[in-house]
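A.B. asks: File start_12.txt below, compact mmCIF, C-alpha atoms:
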# COMPACT_ATOMS: atom_id res chain seq x y z
CA MET A 1 -21.62 24.79 -10.04
CA ARG A 2 -21.18 21.36 -8.45
CA THR A 3 -22.20 20.76 -4.85
CA ILE A 4 -19.87 18.53 -2.85
CA SER A 5 -21.45 17.26 0.38
CA LEU A 6 -19.26 15.43 2.88
CA LEU A 7 -20.86 13.58 5.79
CA ALA A 8 -18.73 13.73 8.94
CA MET A 9 -19.53 11.55 11.94
CA PRO A 10 -18.55 12.34 15.54
CA GLY A 11 -14.93 11.21 15.91
CA VAL A 12 -14.20 11.82 12.22
CA GLN A 13 -10.59 11.83 11.07
CA LEU A 14 -9.99 15.49 10.32
CA LEU A 15 -7.87 14.98 7.19
CA ASP A 16 -10.63 12.83 5.66
CA VAL A 17 -12.66 16.03 5.58
CA SER A 18 -10.12 18.81 5.13
CA GLY A 19 -7.96 16.99 2.56
CA PRO A 20 -10.59 16.48 -0.16
CA MET A 21 -12.20 19.84 0.57
CA ASP A 22 -8.88 21.64 0.09
CA VAL A 23 -8.46 19.93 -3.29
CA PHE A 24 -11.88 21.11 -4.46
CA ALA A 25 -11.30 24.59 -3.04
CA GLU A 26 -7.98 24.84 -4.89
CA ALA A 27 -9.74 23.75 -8.09
CA ASN A 28 -11.97 26.80 -7.69
CA VAL A 29 -8.87 28.99 -7.41
CA GLN A 30 -7.06 27.42 -10.36
CA SER A 31 -10.11 27.53 -12.63
CA GLY A 32 -10.78 31.18 -11.77
CA ARG A 33 -14.43 30.57 -10.87
CA THR A 34 -16.53 28.74 -8.31
CA GLU A 35 -16.79 25.27 -9.81
CA TYR A 36 -17.53 23.62 -6.45
CA GLU A 37 -19.79 24.56 -3.57
CA LEU A 38 -18.55 22.73 -0.47
CA GLN A 39 -20.59 21.68 2.54
CA VAL A 40 -19.93 19.54 5.59
CA VAL A 41 -22.93 17.57 6.84
CA GLY A 42 -23.38 16.41 10.43
CA ILE A 43 -25.80 13.90 11.90
CA GLU A 44 -26.91 16.34 14.60
CA ALA A 45 -26.79 20.05 15.32
CA GLY A 46 -23.66 21.50 16.89
CA PRO A 47 -19.90 21.10 16.41
CA ILE A 48 -18.47 17.74 15.32
CA ARG A 49 -15.57 16.68 17.52
CA SER A 50 -12.89 15.00 15.37
CA SER A 51 -10.61 12.16 16.47
CA SER A 52 -7.86 14.73 17.13
CA GLY A 53 -10.15 16.86 19.29
CA VAL A 54 -10.51 19.67 16.73
CA ARG A 55 -14.15 20.62 16.22
CA LEU A 56 -15.89 21.17 12.89
CA LEU A 57 -19.04 23.23 12.50
CA PRO A 58 -21.29 21.52 9.94
CA ASP A 59 -23.04 23.58 7.28
CA ARG A 60 -26.16 21.45 7.63
CA ILE A 61 -27.47 18.31 9.29
CA ILE A 62 -28.97 15.29 7.61
CA THR A 63 -32.52 16.06 8.69
CA ASP A 64 -32.43 19.27 6.63
CA GLU A 65 -34.12 19.22 3.27
CA ALA A 66 -31.48 18.13 0.78
CA ASP A 67 -30.57 20.42 -2.09
CA SER A 68 -29.32 19.07 -5.39
CA ILE A 69 -26.03 17.24 -4.69
CA ASP A 70 -23.47 16.47 -7.37
CA THR A 71 -21.16 14.38 -5.16
CA MET A 72 -21.98 12.81 -1.79
CA LEU A 73 -18.98 11.60 0.22
CA VAL A 74 -18.68 9.99 3.66
CA ALA A 75 -15.55 10.61 5.72
CA GLY A 76 -13.95 7.89 7.83
CA CYS A 77 -13.34 7.66 11.55
CA PRO A 78 -11.54 5.13 13.76
CA HIS A 79 -14.78 3.56 15.00
CA ALA A 80 -16.64 3.57 11.66
CA PRO A 81 -17.20 -0.25 11.63
CA ASP A 82 -19.19 0.13 14.86
CA ILE A 83 -21.37 3.09 13.86
CA ARG A 84 -25.08 2.37 13.62
CA LEU A 85 -27.22 5.04 11.99
CA THR A 86 -30.92 5.34 12.71
CA LEU A 87 -33.45 4.27 10.09
CA GLU A 88 -34.16 7.91 9.26
CA GLN A 89 -30.44 8.64 8.86
CA HIS A 90 -29.98 5.60 6.62
CA GLN A 91 -32.89 6.69 4.47
CA TRP A 92 -31.45 10.19 4.12
CA LEU A 93 -28.04 8.82 3.16
CA ARG A 94 -29.47 6.37 0.62
CA SER A 95 -31.69 9.02 -0.91
CA SER A 96 -28.87 11.57 -1.12
CA CYS A 97 -26.42 9.12 -2.65
CA LEU A 98 -28.84 7.67 -5.18
CA ARG A 99 -29.96 11.14 -6.32
CA ALA A 100 -26.38 12.40 -6.62
CA LEU A 101 -24.39 12.02 -9.84
CA ARG A 102 -21.78 10.11 -7.84
CA PHE A 103 -21.13 9.13 -4.24
CA GLY A 104 -18.39 7.52 -2.23
CA SER A 105 -16.22 7.44 0.84
CA VAL A 106 -12.84 8.25 2.27
CA CYS A 107 -11.04 5.62 4.37
CA SER A 108 -13.36 3.70 6.71
CA GLY A 109 -16.34 5.78 5.58
CA ALA A 110 -16.96 2.80 3.28
CA PHE A 111 -18.49 1.00 6.27
CA ILE A 112 -21.21 3.66 6.52
CA LEU A 113 -22.12 3.26 2.86
CA ALA A 114 -21.96 -0.52 3.11
CA ALA A 115 -24.31 -0.58 6.10
CA ALA A 116 -26.79 1.43 4.04
CA GLY A 117 -26.63 -1.19 1.26
CA LEU A 118 -25.04 1.22 -1.18
CA LEU A 119 -21.96 -0.84 -2.05
CA ASP A 120 -23.47 -4.26 -2.76
CA GLY A 121 -21.75 -5.84 -5.76
CA ARG A 122 -19.37 -2.90 -6.13
CA ARG A 123 -15.59 -2.88 -6.30
CA VAL A 124 -14.30 -0.56 -3.58
CA THR A 125 -11.31 0.18 -1.42
CA THR A 126 -10.76 1.29 2.17
CA HIS A 127 -7.86 1.59 4.58
CA TRP A 128 -5.70 -1.55 4.44
CA ALA A 129 -6.05 -2.07 8.22
CA VAL A 130 -9.83 -2.61 7.97
CA ALA A 131 -10.09 -4.07 4.46
CA ASP A 132 -10.42 -7.64 5.76
CA THR A 133 -13.10 -6.55 8.21
CA LEU A 134 -15.08 -4.87 5.43
CA THR A 135 -14.82 -8.02 3.31
CA ALA A 136 -15.89 -10.29 6.17
CA THR A 137 -18.77 -8.06 7.26
CA TYR A 138 -20.11 -7.39 3.76
CA PRO A 139 -19.17 -10.38 1.56
CA THR A 140 -21.07 -9.07 -1.48
CA ILE A 141 -18.61 -6.17 -1.76
CA HIS A 142 -15.39 -6.64 -3.75
CA VAL A 143 -12.65 -4.96 -1.71
CA ASP A 144 -9.36 -4.02 -3.38
CA ALA A 145 -7.08 -3.69 -0.37
CA ASP A 146 -4.15 -2.31 -2.41
CA ALA A 147 -5.83 0.44 -4.44
CA LEU A 148 -5.43 4.08 -3.39
CA HIS A 149 -8.82 4.90 -4.86
CA VAL A 150 -11.38 3.05 -6.96
CA ARG A 151 -14.02 4.10 -9.46
CA ASP A 152 -16.95 1.74 -10.07
CA GLY A 153 -19.89 3.27 -11.87
CA PRO A 154 -21.12 6.19 -9.76
CA VAL A 155 -19.16 5.00 -6.72
CA ARG A 156 -15.79 6.51 -5.74
CA THR A 157 -13.89 5.14 -2.74
CA ALA A 158 -10.51 6.06 -1.31
CA ALA A 159 -8.06 4.30 0.97
CA GLY A 160 -6.81 5.77 4.23
CA VAL A 161 -6.54 9.47 4.97
CA THR A 162 -4.22 11.08 2.37
CA ALA A 163 -5.68 8.89 -0.38
CA GLY A 164 -8.76 11.08 -0.03
CA LEU A 165 -6.72 13.84 -1.67
CA ASP A 166 -5.79 11.49 -4.52
CA MET A 167 -9.45 10.63 -5.08
CA ALA A 168 -10.55 14.26 -4.92
CA LEU A 169 -7.89 15.17 -7.49
CA ALA A 170 -9.19 12.39 -9.76
CA LEU A 171 -12.69 13.87 -9.42
CA VAL A 172 -11.35 17.30 -10.37
CA GLU A 173 -9.74 15.76 -13.44
CA GLU A 174 -13.08 14.13 -14.34
CA ASP A 175 -14.91 17.44 -14.01
CA LEU A 176 -12.47 20.11 -15.12
CA GLY A 177 -9.82 18.29 -17.13
CA ARG A 178 -6.19 17.33 -16.77
CA ASP A 179 -4.73 20.84 -16.97
CA ILE A 180 -6.67 22.15 -13.96
CA ALA A 181 -5.96 18.95 -11.99
CA LEU A 182 -2.23 19.30 -12.70
CA LYS A 183 -2.28 22.88 -11.47
CA VAL A 184 -4.10 21.82 -8.29
CA ALA A 185 -1.55 19.05 -7.67
CA GLY A 186 1.33 21.47 -8.18
CA GLN A 187 -0.14 24.10 -5.86
CA LEU A 188 -0.81 21.52 -3.12
CA VAL A 189 2.62 19.87 -3.64
CA MET A 190 1.13 16.42 -4.15
CA PHE A 191 1.55 13.63 -6.69
CA PHE A 192 -0.72 13.95 -9.72
CA LYS A 193 -0.71 10.14 -9.89
CA ARG A 194 0.88 8.65 -6.79
CA PRO A 195 3.06 5.59 -7.61
CA GLY A 196 2.14 2.20 -6.18
CA GLY A 197 -0.75 1.26 -3.95
CA GLN A 198 -1.46 0.76 -0.26
CA MET A 199 0.81 -2.27 0.08
CA GLN A 200 3.86 0.01 0.27
CA PHE A 201 2.47 1.51 3.50
CA SER A 202 0.79 -1.57 4.94
CA ARG A 203 2.30 -3.80 7.60
CA HIS A 204 -0.65 -6.12 7.24
CA GLY A 205 0.30 -9.63 6.17
CA GLU A 206 3.84 -9.51 7.51
CA ALA A 207 5.19 -12.86 8.68
CA GLU A 208 4.13 -13.57 12.27
CA PRO A 209 4.87 -16.83 14.12
CA GLY A 210 1.92 -19.20 14.25
CA GLY A 211 1.05 -22.79 14.98
CA ARG A 212 2.51 -25.05 17.66
CA SER A 213 5.54 -23.96 19.65
CA ALA A 214 7.99 -26.02 17.57
CA LEU A 215 6.80 -24.31 14.39
CA GLN A 216 6.94 -20.87 16.00
CA GLU A 217 10.51 -21.51 17.10
CA VAL A 218 11.47 -22.31 13.51
CA GLN A 219 9.67 -19.21 12.25
CA ARG A 220 11.47 -16.96 14.72
CA TRP A 221 14.78 -18.46 13.62
CA VAL A 222 13.93 -17.73 9.95
CA ALA A 223 12.99 -14.14 10.79
CA ALA A 224 16.26 -13.65 12.69
CA ASN A 225 18.36 -15.29 9.95
CA PRO A 226 16.67 -14.50 6.62
CA GLY A 227 19.83 -15.10 4.60
CA GLU A 228 20.24 -18.75 5.64
CA ASP A 229 19.07 -21.84 3.75
CA HIS A 230 15.38 -22.21 4.51
CA SER A 231 14.36 -25.12 2.32
CA VAL A 232 11.63 -27.40 3.62
CA ALA A 233 14.26 -30.08 4.30
CA SER A 234 16.41 -27.73 6.42
CA LEU A 235 13.43 -26.39 8.37
CA ALA A 236 12.06 -29.89 8.94
CA GLN A 237 15.43 -31.00 10.29
CA ARG A 238 15.26 -28.27 12.96
CA THR A 239 11.95 -29.67 14.21
CA GLY A 240 12.91 -33.34 13.99
CA LEU A 241 10.13 -34.04 11.48
CA SER A 242 10.31 -35.48 8.00
CA PRO A 243 10.09 -32.84 5.22
CA ARG A 244 6.72 -34.16 4.05
CA HIS A 245 5.22 -34.24 7.55
CA PHE A 246 6.67 -30.80 8.38
CA ALA A 247 5.19 -29.24 5.21
CA ARG A 248 1.77 -30.76 5.91
CA ILE A 249 1.67 -29.67 9.56
CA PHE A 250 2.94 -26.17 8.68
CA GLN A 251 0.24 -25.69 6.05
CA GLN A 252 -2.47 -26.93 8.40
CA GLU A 253 -1.49 -24.79 11.39
CA VAL A 254 -0.07 -21.64 9.80
CA GLY A 255 -2.36 -21.52 6.77
CA ILE A 256 0.32 -21.10 4.09
CA THR A 257 3.20 -23.19 2.78
CA PRO A 258 6.65 -22.92 4.36
CA ALA A 259 8.00 -21.41 1.13
CA ILE A 260 5.44 -18.60 1.14
CA TRP A 261 6.07 -17.87 4.82
CA VAL A 262 9.84 -17.76 4.27
CA GLU A 263 9.46 -15.36 1.33
CA THR A 264 7.18 -13.13 3.40
CA ALA A 265 9.69 -13.11 6.28
CA ARG A 266 12.49 -12.22 3.88
CA ILE A 267 10.43 -9.35 2.43
CA THR A 268 9.80 -8.06 5.96
CA ALA A 269 13.54 -8.16 6.64
CA ALA A 270 14.24 -6.46 3.30
CA ARG A 271 11.80 -3.65 4.08
CA ASN A 272 13.50 -3.03 7.42
CA LEU A 273 16.94 -2.84 5.80
CA LEU A 274 15.75 -0.59 2.98
CA GLU A 275 14.05 1.77 5.42
CA ASN A 276 17.31 2.66 7.13
CA GLY A 277 18.66 3.73 3.74
CA HIS A 278 22.19 2.42 4.31
CA ARG A 279 22.07 -0.55 1.91
CA LEU A 280 21.48 -0.83 -1.81
CA PRO A 281 18.91 -3.36 -3.08
CA LYS A 282 21.63 -5.74 -4.29
CA GLN A 283 23.14 -5.78 -0.78
CA VAL A 284 19.71 -6.34 0.76
CA ALA A 285 19.10 -9.25 -1.61
CA VAL A 286 22.20 -11.05 -0.35
CA GLU A 287 21.48 -10.38 3.33
CA CYS A 288 17.88 -11.53 3.03
CA GLY A 289 18.49 -14.78 1.17
CA PHE A 290 17.39 -13.85 -2.35
CA ALA A 291 19.39 -15.29 -5.24
CA ASP A 292 20.06 -11.85 -6.73
CA ALA A 293 18.69 -8.33 -6.91
CA ASP A 294 16.26 -9.25 -9.70
CA THR A 295 14.73 -12.05 -7.63
CA LEU A 296 14.30 -9.61 -4.73
CA ARG A 297 12.75 -7.07 -7.09
CA ARG A 298 10.11 -9.50 -8.40
CA ALA A 299 9.19 -10.72 -4.92
CA PHE A 300 9.15 -7.19 -3.51
CA VAL A 301 6.78 -5.93 -6.20
CA ARG A 302 4.44 -8.88 -5.52
CA HIS A 303 4.29 -8.15 -1.80
CA VAL A 304 4.73 -4.38 -1.58
CA GLY A 305 3.64 -3.07 -4.97
CA VAL A 306 6.77 -1.01 -5.72
CA THR A 307 10.38 -1.89 -6.47
CA PRO A 308 13.01 -2.02 -3.70
CA ALA A 309 14.72 1.04 -5.19
CA GLU A 310 11.47 3.04 -5.17
CA TYR A 311 10.74 1.92 -1.61
CA ARG A 312 14.23 2.88 -0.43
CA ARG A 313 13.90 6.37 -1.88
CA ARG A 314 10.90 6.99 0.42
CA TYR A 315 13.25 6.85 3.42
CA LEU A 316 16.34 8.68 2.15
Represent the supplied structure as structure tokens.
C.D. replies:
Amino acid sequence: MRTISLLAMPGVQLLDVSGPMDVFAEANVQSGRTEYELQVVGIEAGPIRSSSGVRLLPDRIITDEADSIDTMLVAGCPHAPDIRLTLEQHQWLRSSCLRALRFGSVCSGAFILAAAGLLDGRRVTTHWAVADTLTATYPTIHVDADALHVRDGPVRTAAGVTAGLDMALALVEEDLGRDIALKVAGQLVMFFKRPGGQMQFSRHGEAEPGGRSALQEVQRWVAANPGEDHSVASLAQRTGLSPRHFARIFQQEVGITPAIWVETARITAARNLLENGHRLPKQVAVECGFADADTLRRAFVRHVGVTPAEYRRRYL
């Protein structure tokens, strides 16, 4: 029997706990025996108030003597980047993780592991909204902001919220095989392997006006008219600058080339049109300034991680 311990902080996101635990519990049902013993761990005695207000009663607290743990996971919470554990709590977490066969996190729980020095040099993922913060705060960690879940040696990390179910299902497949994992996925009505990555859900990196007011005016015009000619020469003409000077100033103040910004703005416009479900990808390509549907498809996959057709089906 494998013991799954999940550390839940005050303010924890409830689905970061209940989602993975339900996957492991269903694996017990589908296998016909108790393969997993599940326990929620708190940092102090008493109920844990989640971010939604629902309270969890932990099975144990971190000052208790630790039993043998197969998998140690840390759930995320909205304020995870700001959590500071005591020295004793850090020592317990490090000891538990390093003695376990594997350890990891769901969503922003990666910050708790990182603060304990458990992710140095590892490839991990976390929720797309805090991926840049994790990278900036812990530069020795390699953060894959698109992955739904990542395996690196004994470390398992999952992106935001529902990706915790994907990771838990992958752990079930590791432990009990593909057949049991498929049965669990079917019973829970979830993808066995969810297509695409986090980019299809993220709004991070969308084109936002930046730089001096003249450049922002041009950017707003591009966003409002994505199907127009947006060559460097045409954009420069709108600002009264030479194409070369415009391109240099744009790169300096916005941080990317005009061409990259225009493509990003067109992808944002394409996503909005596809989400309403009324236009086919080839119609969206024309309205958003792409040469044809294939050009849109290649750009869309680069930015979003799935094809326009796949993205549109999410909203039908």
A.B. asks: Taking only C-alpha atoms into account, produce a table as a tab-separated table in which each residue of stretch 178-289 of chain A with an atom at most 12 Å from an atom of stretch 5-28 of chain A appears once, together with its shortest atom pair and the distance in Å to one decimal, ordered by chain and rising number.
C.D. replies:
residue	atom	partner	partner_atom	distance
A:Arg178	CA	A:Ala27	CA	11.4
A:Asp179	CA	A:Ala27	CA	10.6
A:Ile180	CA	A:Ala27	CA	6.8
A:Ala181	CA	A:Ala27	CA	7.2
A:Leu182	CA	A:Ala27	CA	9.9
A:Lys183	CA	A:Ala27	CA	8.2
A:Val184	CA	A:Ala27	CA	6.0
A:Ala185	CA	A:Val23	CA	8.2
A:Gly186	CA	A:Glu26	CA	10.4
A:Gln187	CA	A:Glu26	CA	7.9
A:Leu188	CA	A:Val23	CA	7.8
A:Val189	CA	A:Val23	CA	11.1
A:Met190	CA	A:Val23	CA	10.2
A:Phe192	CA	A:Val23	CA	11.7
A.B. asks: For stretch 209-217 of chain A, please output as JSON, numbers by chain all residues within 7 Å (counting only C-alpha atoms; exclusion window: fewer than 2 positions along the same chain).
C.D. replies: {"A": [207, 219, 220, 221, 239, 253, 254]}
A.B. asks: Show me, as a list in words, the residues that have an atom within 10 Å of A:Val41 when counting all atoms listed in the file, minus same-chain residues fewer than 4 positions from it.
C.D. replies: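 Contacts, in chain order: Ser5, Leu6, Leu7, Ala8, Met9, Ala45, Ile48, Leu56, Leu57, Pro58, Asp59, Arg60, Ile61, Ile62, Thr63, Asp64, Met72, Leu73 and Val74 of chain A.
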A.B. asks: Counting only C-alpha atoms, which of A:Ser231, A:Thr140, A:Thr125, A:Asn272 gets nearest to A:Tyr311?
C.D. replies: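 Among the listed residues, the smallest separation from A:Tyr311 belongs to A:Asn272.
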A.B. asks: What's the separation between atom CA of A:Gly177 and atom CA of A:Gln39, in Å to one decimal place?
C.D. replies: 22.7 Å
A.B. asks: Could you give me, as a PDB file with C-alpha atoms, keeping the file's coordinate frame, the residues within 10 Å of A:Ala110, counting only C-alpha atoms and dropping anything in the same chain fewer than 4 positions from it?
C.D. replies:
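Written file, around.pdb:
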ATOM      1  CA  LEU A  73     -18.980  11.600   0.220  1.00  0.00           C
ATOM      2  CA  VAL A  74     -18.680   9.990   3.660  1.00  0.00           C
ATOM      3  CA  ALA A  75     -15.550  10.610   5.720  1.00  0.00           C
ATOM      4  CA  GLY A  76     -13.950   7.890   7.830  1.00  0.00           C
ATOM      5  CA  ALA A  80     -16.640   3.570  11.660  1.00  0.00           C
ATOM      6  CA  PRO A  81     -17.200  -0.250  11.630  1.00  0.00           C
ATOM      7  CA  GLY A 104     -18.390   7.520  -2.230  1.00  0.00           C
ATOM      8  CA  SER A 105     -16.220   7.440   0.840  1.00  0.00           C
ATOM      9  CA  VAL A 106     -12.840   8.250   2.270  1.00  0.00           C
ATOM     10  CA  ALA A 114     -21.960  -0.520   3.110  1.00  0.00           C
ATOM     11  CA  ALA A 115     -24.310  -0.580   6.100  1.00  0.00           C
ATOM     12  CA  ALA A 116     -26.790   1.430   4.040  1.00  0.00           C
ATOM     13  CA  LEU A 118     -25.040   1.220  -1.180  1.00  0.00           C
ATOM     14  CA  LEU A 119     -21.960  -0.840  -2.050  1.00  0.00           C
ATOM     15  CA  VAL A 124     -14.300  -0.560  -3.580  1.00  0.00           C
ATOM     16  CA  THR A 125     -11.310   0.180  -1.420  1.00  0.00           C
ATOM     17  CA  THR A 126     -10.760   1.290   2.170  1.00  0.00           C
ATOM     18  CA  HIS A 127      -7.860   1.590   4.580  1.00  0.00           C
ATOM     19  CA  ALA A 131     -10.090  -4.070   4.460  1.00  0.00           C
ATOM     20  CA  LEU A 134     -15.080  -4.870   5.430  1.00  0.00           C
ATOM     21  CA  ARG A 156     -15.790   6.510  -5.740  1.00  0.00           C
ATOM     22  CA  THR A 157     -13.890   5.140  -2.740  1.00  0.00           C
ATOM     23  CA  ALA A 158     -10.510   6.060  -1.310  1.00  0.00           C
ATOM     24  CA  ALA A 159      -8.060   4.300   0.970  1.00  0.00           C
TER      25      ALA A 159
END
A.B. asks: What is the atom CA of A:Leu148-atom CA of A:Glu35 distance in Å, reported with one decimal?
C.D. replies: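 That distance, rounded to one decimal, is 24.9 Å.
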A.B. asks: Counting all atoms listed in the file, which residue out of A:Asn225, A:Ser242, A:Thr295, A:Ser68 sits closest to A:Thr268?
C.D. replies: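 Closest to A:Thr268 of all the choices is A:Asn225.
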A.B. asks: Nearest residue to A:Gly289 out of A:Val306, A:Ala265, A:Arg271, A:Pro226, using all atoms listed in the file?
C.D. replies: A:Pro226
A.B. asks: Can you list, as a PDB file with C-alpha atoms, keeping the file's coordinate frame, every protein, DNA or RNA residue that comes within 10 Å of A:Leu85 when you count only C-alpha atoms, leaving out same-chain residues fewer than 5 positions away?
C.D. replies:
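The new file selection_25.pdb reads:
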ATOM      1  CA  ILE A  43     -25.800  13.900  11.900  1.00  0.00           C
ATOM      2  CA  HIS A  90     -29.980   5.600   6.620  1.00  0.00           C
ATOM      3  CA  GLN A  91     -32.890   6.690   4.470  1.00  0.00           C
ATOM      4  CA  LEU A  93     -28.040   8.820   3.160  1.00  0.00           C
ATOM      5  CA  ILE A 112     -21.210   3.660   6.520  1.00  0.00           C
ATOM      6  CA  ALA A 115     -24.310  -0.580   6.100  1.00  0.00           C
ATOM      7  CA  ALA A 116     -26.790   1.430   4.040  1.00  0.00           C
TER       8      ALA A 116
END
A.B. asks: So what do you get for atom CA of A:Leu165 versus atom CA of A:His142, distance-wise?
C.D. replies: 22.3 Å
A.B. asks: For A:Ser51, which residue among A:Gly32, A:His303, A:Pro78, A:Asp144 is the nearest when counting only C-alpha atoms?
C.D. replies: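 Comparing A:Gly32, A:His303, A:Pro78, A:Asp144 against A:Ser51, the winner is A:Pro78.
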A.B. asks: Please complete stretch 109-116 of chain A with all heavy atoms and give it back as a compact mmCIF listing (two decimals), keeping the file's coordinate frame.
C.D. replies:
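In the end it all went to part-v2.txt:
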# COMPACT_ATOMS: atom_id res chain seq x y z
N GLY A 109 -14.99 5.33 5.90
CA GLY A 109 -16.34 5.78 5.58
C GLY A 109 -17.07 4.77 4.72
O GLY A 109 -18.31 4.80 4.64
N ALA A 110 -16.33 3.86 4.09
CA ALA A 110 -16.96 2.80 3.28
C ALA A 110 -17.90 1.95 4.12
O ALA A 110 -18.90 1.42 3.60
CB ALA A 110 -15.88 1.92 2.64
N PHE A 111 -17.61 1.79 5.41
CA PHE A 111 -18.49 1.00 6.27
C PHE A 111 -19.88 1.64 6.40
O PHE A 111 -20.88 0.93 6.50
CB PHE A 111 -17.87 0.85 7.67
CG PHE A 111 -16.77 -0.18 7.73
CD1 PHE A 111 -15.47 0.19 7.44
CD2 PHE A 111 -17.04 -1.49 8.08
CE1 PHE A 111 -14.45 -0.75 7.50
CE2 PHE A 111 -16.03 -2.43 8.14
CZ PHE A 111 -14.72 -2.07 7.84
N ILE A 112 -19.93 2.97 6.41
CA ILE A 112 -21.21 3.66 6.52
C ILE A 112 -22.05 3.43 5.27
O ILE A 112 -23.25 3.14 5.35
CB ILE A 112 -21.00 5.18 6.74
CG1 ILE A 112 -19.98 5.43 7.87
CG2 ILE A 112 -22.32 5.86 7.01
CD1 ILE A 112 -20.39 4.89 9.21
N LEU A 113 -21.41 3.52 4.11
CA LEU A 113 -22.12 3.26 2.86
C LEU A 113 -22.54 1.81 2.76
O LEU A 113 -23.64 1.49 2.31
CB LEU A 113 -21.23 3.63 1.67
CG LEU A 113 -20.88 5.10 1.48
CD1 LEU A 113 -19.96 5.27 0.27
CD2 LEU A 113 -22.14 5.95 1.30
N ALA A 114 -21.65 0.91 3.19
CA ALA A 114 -21.96 -0.52 3.11
C ALA A 114 -23.16 -0.87 3.98
O ALA A 114 -24.02 -1.66 3.59
CB ALA A 114 -20.74 -1.34 3.52
N ALA A 115 -23.21 -0.29 5.18
CA ALA A 115 -24.31 -0.58 6.10
C ALA A 115 -25.64 -0.09 5.53
O ALA A 115 -26.70 -0.63 5.87
CB ALA A 115 -24.05 0.06 7.45
N ALA A 116 -25.58 0.91 4.67
CA ALA A 116 -26.79 1.43 4.04
C ALA A 116 -27.14 0.67 2.76
O ALA A 116 -28.11 1.03 2.07
CB ALA A 116 -26.62 2.92 3.73
